[in-house]
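Structure file structure_14.cif with mmCIF, C-alpha atoms:
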data_work
#
loop_
_atom_site.group_PDB
_atom_site.id
_atom_site.type_symbol
_atom_site.label_atom_id
_atom_site.label_comp_id
_atom_site.auth_asym_id
_atom_site.auth_seq_id
_atom_site.Cartn_x
_atom_site.Cartn_y
_atom_site.Cartn_z
ATOM 1 C CA MET A 30 227.416 170.014 142.710
ATOM 2 C CA GLU A 31 226.030 166.848 141.106
ATOM 3 C CA ILE A 32 227.511 167.985 137.796
ATOM 4 C CA MET A 33 230.943 168.362 139.359
ATOM 5 C CA GLU A 34 230.693 164.960 141.053
ATOM 6 C CA VAL A 35 230.075 163.311 137.691
ATOM 7 C CA ARG A 36 232.672 165.412 135.862
ATOM 8 C CA LEU A 37 235.280 164.394 138.446
ATOM 9 C CA ARG A 38 234.529 160.712 137.729
ATOM 10 C CA ILE A 39 234.395 160.994 133.936
ATOM 11 C CA GLU A 40 236.741 163.690 132.681
ATOM 12 C CA PRO A 41 240.014 162.460 134.222
ATOM 13 C CA GLN A 42 239.378 159.123 132.480
ATOM 14 C CA LEU A 43 238.697 160.961 129.220
ATOM 15 C CA ALA A 44 241.988 162.851 129.546
ATOM 16 C CA GLN A 45 243.750 159.569 130.273
ATOM 17 C CA LEU A 46 242.323 157.957 127.136
ATOM 18 C CA ALA A 47 243.041 161.078 125.080
ATOM 19 C CA ALA A 48 246.707 160.792 126.094
ATOM 20 C CA LEU A 49 246.698 157.360 124.488
ATOM 21 C CA ARG A 50 244.575 158.125 121.430
ATOM 22 C CA ALA A 51 244.656 161.808 120.441
ATOM 23 C CA LYS A 52 245.774 162.566 116.897
ATOM 24 C CA PRO A 53 248.305 165.361 116.273
ATOM 25 C CA SER A 54 245.583 167.486 114.631
ATOM 26 C CA GLU A 55 243.447 167.147 117.775
ATOM 27 C CA LEU A 56 246.324 168.359 119.920
ATOM 28 C CA VAL A 57 246.647 171.406 117.677
ATOM 29 C CA ARG A 58 242.896 172.021 118.089
ATOM 30 C CA MET A 59 243.182 171.719 121.901
ATOM 31 C CA ARG A 60 245.951 174.317 121.960
ATOM 32 C CA ASP A 61 243.934 176.600 119.686
ATOM 33 C CA LEU A 62 240.889 176.315 121.948
ATOM 34 C CA ALA A 63 242.974 177.008 125.064
ATOM 35 C CA HIS A 64 244.308 180.127 123.323
ATOM 36 C CA LYS A 65 240.755 181.227 122.455
ATOM 37 C CA ILE A 66 239.705 180.820 126.095
ATOM 38 C CA ARG A 67 242.643 182.949 127.220
ATOM 39 C CA GLU A 68 241.921 185.656 124.625
ATOM 40 C CA SER A 69 238.154 185.849 125.278
ATOM 41 C CA VAL A 70 236.957 189.131 126.704
ATOM 42 C CA ASP A 71 233.497 188.074 127.809
ATOM 43 C CA ALA A 72 232.001 185.280 129.868
ATOM 44 C CA ASP A 73 229.910 183.793 127.054
ATOM 45 C CA ALA A 74 232.937 183.370 124.794
ATOM 46 C CA ARG A 75 235.020 181.863 127.614
ATOM 47 C CA GLU A 76 232.256 179.392 128.373
ATOM 48 C CA LEU A 77 231.859 178.474 124.710
ATOM 49 C CA TRP A 78 235.578 177.825 124.166
ATOM 50 C CA ASP A 79 235.992 176.069 127.525
ATOM 51 C CA GLY A 80 233.175 173.672 126.669
ATOM 52 C CA ALA A 81 234.722 173.114 123.240
ATOM 53 C CA LEU A 82 238.125 172.315 124.764
ATOM 54 C CA HIS A 83 236.691 169.802 127.211
ATOM 55 C CA ARG A 84 234.614 168.238 124.413
ATOM 56 C CA GLN A 85 237.673 167.993 122.175
ATOM 57 C CA ILE A 86 239.430 166.059 124.932
ATOM 58 C CA ALA A 87 236.360 163.806 125.233
ATOM 59 C CA GLN A 88 236.297 163.228 121.459
ATOM 60 C CA SER A 89 240.016 162.468 121.426
ATOM 61 C CA ALA A 90 239.415 159.660 123.929
ATOM 62 C CA ARG A 91 237.652 157.744 121.136
ATOM 63 C CA ASN A 92 235.031 156.140 123.354
ATOM 64 C CA GLN A 93 231.506 156.765 122.108
ATOM 65 C CA LEU A 94 229.767 155.869 125.373
ATOM 66 C CA PHE A 95 231.986 158.248 127.372
ATOM 67 C CA LEU A 96 231.374 160.944 124.747
ATOM 68 C CA THR A 97 227.601 160.478 125.038
ATOM 69 C CA ILE A 98 227.787 160.819 128.830
ATOM 70 C CA PHE A 99 230.022 163.863 128.439
ATOM 71 C CA ASP A 100 227.506 165.469 126.063
ATOM 72 C CA VAL A 101 224.701 164.995 128.605
ATOM 73 C CA ILE A 102 226.816 166.713 131.257
ATOM 74 C CA ASN A 103 227.869 169.440 128.835
ATOM 75 C CA HIS A 104 224.216 170.128 127.998
ATOM 76 C CA VAL A 105 223.532 170.896 131.675
ATOM 77 C CA ARG A 106 226.562 173.236 131.717
ATOM 78 C CA GLN A 107 224.798 175.378 129.090
ATOM 79 C CA ASP A 108 222.042 176.365 131.525
ATOM 80 C CA GLU A 109 222.133 180.134 132.219
ATOM 81 C CA ALA A 110 222.108 179.727 136.006
ATOM 82 C CA TRP A 111 225.040 177.297 135.839
ATOM 83 C CA GLN A 112 226.964 179.652 133.566
ATOM 84 C CA ALA A 113 226.442 182.608 135.898
ATOM 85 C CA ILE A 114 227.744 180.649 138.888
ATOM 86 C CA ARG A 115 230.720 179.354 136.890
ATOM 87 C CA GLU A 116 231.636 182.850 135.746
ATOM 88 C CA ARG A 117 231.647 184.118 139.337
ATOM 89 C CA ALA A 118 233.800 181.129 140.286
ATOM 90 C CA ARG A 119 236.228 181.988 137.498
ATOM 91 C CA SER A 120 236.787 185.548 138.663
ATOM 92 C CA GLY A 121 240.015 186.808 140.194
ATOM 93 C CA ASP A 122 243.039 184.545 140.391
ATOM 94 C CA GLY A 123 240.991 181.507 139.401
ATOM 95 C CA VAL A 124 241.073 182.586 135.764
ATOM 96 C CA SER A 125 244.850 182.498 135.402
ATOM 97 C CA VAL A 126 245.046 179.251 137.382
ATOM 98 C CA ALA A 127 242.452 177.643 135.093
ATOM 99 C CA TYR A 128 244.397 178.764 132.005
ATOM 100 C CA ALA A 129 247.590 177.210 133.358
ATOM 101 C CA GLN A 130 245.727 174.035 134.254
ATOM 102 C CA HIS A 131 244.350 173.749 130.725
ATOM 103 C CA GLU A 132 247.914 173.968 129.425
ATOM 104 C CA ASP A 133 249.019 171.270 131.904
ATOM 105 C CA ILE A 134 246.245 168.954 130.720
ATOM 106 C CA ILE A 135 247.108 169.478 127.053
ATOM 107 C CA ASP A 136 250.841 169.091 127.715
ATOM 108 C CA ALA A 137 250.230 165.770 129.485
ATOM 109 C CA ILE A 138 248.047 164.532 126.631
ATOM 110 C CA ALA A 139 250.677 165.633 124.084
ATOM 111 C CA ALA A 140 253.383 163.854 126.117
ATOM 112 C CA ARG A 141 251.280 160.666 125.899
ATOM 113 C CA ASN A 142 251.292 160.447 129.686
ATOM 114 C CA PRO A 143 247.873 159.049 130.723
ATOM 115 C CA ALA A 144 248.443 159.221 134.486
ATOM 116 C CA ARG A 145 249.629 162.822 134.340
ATOM 117 C CA ALA A 146 246.740 163.801 132.033
ATOM 118 C CA ALA A 147 244.168 162.278 134.397
ATOM 119 C CA GLU A 148 245.747 163.951 137.426
ATOM 120 C CA ALA A 149 245.958 167.341 135.695
ATOM 121 C CA MET A 150 242.263 167.126 134.778
ATOM 122 C CA ARG A 151 241.350 166.023 138.304
ATOM 123 C CA ARG A 152 243.230 168.994 139.817
ATOM 124 C CA HIS A 153 241.539 171.363 137.384
ATOM 125 C CA LEU A 154 238.053 170.107 138.213
ATOM 126 C CA LEU A 155 238.727 170.039 141.968
ATOM 127 C CA MET A 156 239.808 173.685 141.848
ATOM 128 C CA LEU A 157 236.656 174.585 139.948
ATOM 129 C CA GLN A 158 234.511 172.564 142.357
ATOM 130 C CA GLU A 159 236.049 174.325 145.357
ATOM 131 C CA ARG A 160 235.417 177.729 143.821
ATOM 132 C CA LEU A 161 231.835 176.758 142.924
ATOM 133 C CA ILE A 162 231.191 175.627 146.490
ATOM 134 C CA ARG A 163 232.465 178.969 147.761
ATOM 135 C CA GLU A 164 230.239 180.848 145.314
ATOM 136 C CA THR A 165 227.097 178.893 146.168
ATOM 137 C CA SER A 166 227.573 178.705 149.937
ATOM 138 C CA HIS A 167 225.419 180.957 152.039
ATOM 139 C CA ASP A 168 227.160 183.202 154.478
ATOM 140 C CA GLY A 169 226.460 181.581 157.758
ATOM 141 C CA PRO A 170 228.219 181.283 161.067
ATOM 142 C CA SER A 171 231.795 180.228 160.670
ATOM 143 C CA LEU A 172 232.629 176.896 162.244
ATOM 144 C CA THR A 173 236.050 176.455 163.709
ATOM 145 C CA VAL A 174 237.417 172.944 163.636
ATOM 146 C CA LEU A 175 239.661 172.199 166.573
ATOM 147 C CA PRO A 176 242.397 169.597 166.542
ATOM 148 C CA GLU A 177 241.299 166.392 168.282
ATOM 149 C CA ASP A 178 243.403 167.080 171.350
ATOM 150 C CA GLU A 179 241.623 170.413 171.849
ATOM 151 C CA VAL A 180 238.057 169.137 171.549
ATOM 152 C CA GLN A 181 236.217 169.543 174.823
ATOM 153 C CA PRO A 182 233.902 166.773 175.970
ATOM 154 C CA ALA A 183 230.208 167.675 175.961
#
Give the structure from the file, written as structure tokens.
Amino acid sequence: MEIMEVRLRIEPQLAQLAALRAKPSELVRMRDLAHKIRESVDADARELWDGALHRQIAQSARNQLFLTIFDVINHVRQDEAWQAIRERARSGDGVSVAYAQHEDIIDAIAARNPARAAEAMRRHLLMLQERLIRETSHDGPSLTVLPEDEVQPA
């Protein structure tokens, strides 16, 4: 979860800067990488292309310090245990949602809309974080949260 906490602080800013600084050729590369993710038939390929897409966005931001931080985070993402958890989190409807979110991020960058690019990246990472939490949570007793007016005094 530490990785996701840092990604949520860094990557929306990278998308925002990319919306201001990305070159047309970089936008073409982002779209190509998103297509490769969608067409991948195995988890390793999806992970490879997903990492490449996120790194392309980071490179397009043109901030070397941010890119260095991103590369440190991306290195941790290459751990086998992390990849296995991510692949489980990407199963089911999460895959098609993630594909659509990638397109939203790229569209916002291409439209040169920094606020929309940052928000699209934030939504994408929050969805992934939620799915990762579900995948790593232990099945325990379910807690029901009652509205304040229904809480009984102890």
- Query: Which residue, A:Leu46, A:Val126, A:Leu56, A:Ile32, has the smallest gap to Arg106 of chain A when you use only C-alpha atoms?
  - Reply: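 The shortest atom-to-atom distance to Arg106 of chain A comes from A:Ile32.
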- The distance between atom CA of Met59 of chain A and atom CA of Ile162 of chain A is 27.6 Å
- Query: What does the distance from atom CA of Tyr128 of chain A to atom CA of Arg141 of chain A come to in Å, to one decimal?
  - Reply: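 So the two atoms, atom CA of Tyr128 of chain A and atom CA of Arg141 of chain A, lie 20.3 Å apart.
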- Query: Hey, what's within 12 Å of Val105 of chain A if we count all atoms listed in the file and toss same-chain stuff fewer than 2 positions away? As a PyMOL selection string, please?
  - Reply: chain A and resi 30-33+35-36+80+98-103+107-112
How would you write, as a PDB file with C-alpha atoms, in the frame of the given file, the residues chosen by the PyMOL selection byres ((chain A and resi 82) around 10) on this structure?
ATOM      1  CA  ARG A  58     242.896 172.021 118.089  1.00  0.00           C
ATOM      2  CA  MET A  59     243.182 171.719 121.901  1.00  0.00           C
ATOM      3  CA  ARG A  60     245.951 174.317 121.960  1.00  0.00           C
ATOM      4  CA  ASP A  61     243.934 176.600 119.686  1.00  0.00           C
ATOM      5  CA  LEU A  62     240.889 176.315 121.948  1.00  0.00           C
ATOM      6  CA  ALA A  63     242.974 177.008 125.064  1.00  0.00           C
ATOM      7  CA  LYS A  65     240.755 181.227 122.455  1.00  0.00           C
ATOM      8  CA  ILE A  66     239.705 180.820 126.095  1.00  0.00           C
ATOM      9  CA  GLU A  76     232.256 179.392 128.373  1.00  0.00           C
ATOM     10  CA  LEU A  77     231.859 178.474 124.710  1.00  0.00           C
ATOM     11  CA  TRP A  78     235.578 177.825 124.166  1.00  0.00           C
ATOM     12  CA  ASP A  79     235.992 176.069 127.525  1.00  0.00           C
ATOM     13  CA  GLY A  80     233.175 173.672 126.669  1.00  0.00           C
ATOM     14  CA  ALA A  81     234.722 173.114 123.240  1.00  0.00           C
ATOM     15  CA  HIS A  83     236.691 169.802 127.211  1.00  0.00           C
ATOM     16  CA  ARG A  84     234.614 168.238 124.413  1.00  0.00           C
ATOM     17  CA  GLN A  85     237.673 167.993 122.175  1.00  0.00           C
ATOM     18  CA  ILE A  86     239.430 166.059 124.932  1.00  0.00           C
ATOM     19  CA  ALA A  87     236.360 163.806 125.233  1.00  0.00           C
ATOM     20  CA  GLN A  88     236.297 163.228 121.459  1.00  0.00           C
ATOM     21  CA  HIS A 131     244.350 173.749 130.725  1.00  0.00           C
ATOM     22  CA  ILE A 135     247.108 169.478 127.053  1.00  0.00           C
TER      23      ILE A 135
END
- Message: I'd like to see the residues matched by the PyMOL selection byres ((chain A and resi 139) around 12) on this file, and ideally I'd get them as a PyMOL selection string.
- Response: chain A and resi 44-60+86+89+132-138+140-143+145-146
- Task: Take atom CA of Ser69 of chain A and atom CA of Glu159 of chain A and report the distance between them in Å, one decimal.
- Result: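 Going from atom CA of Ser69 of chain A over to atom CA of Glu159 of chain A covers 23.2 Å.
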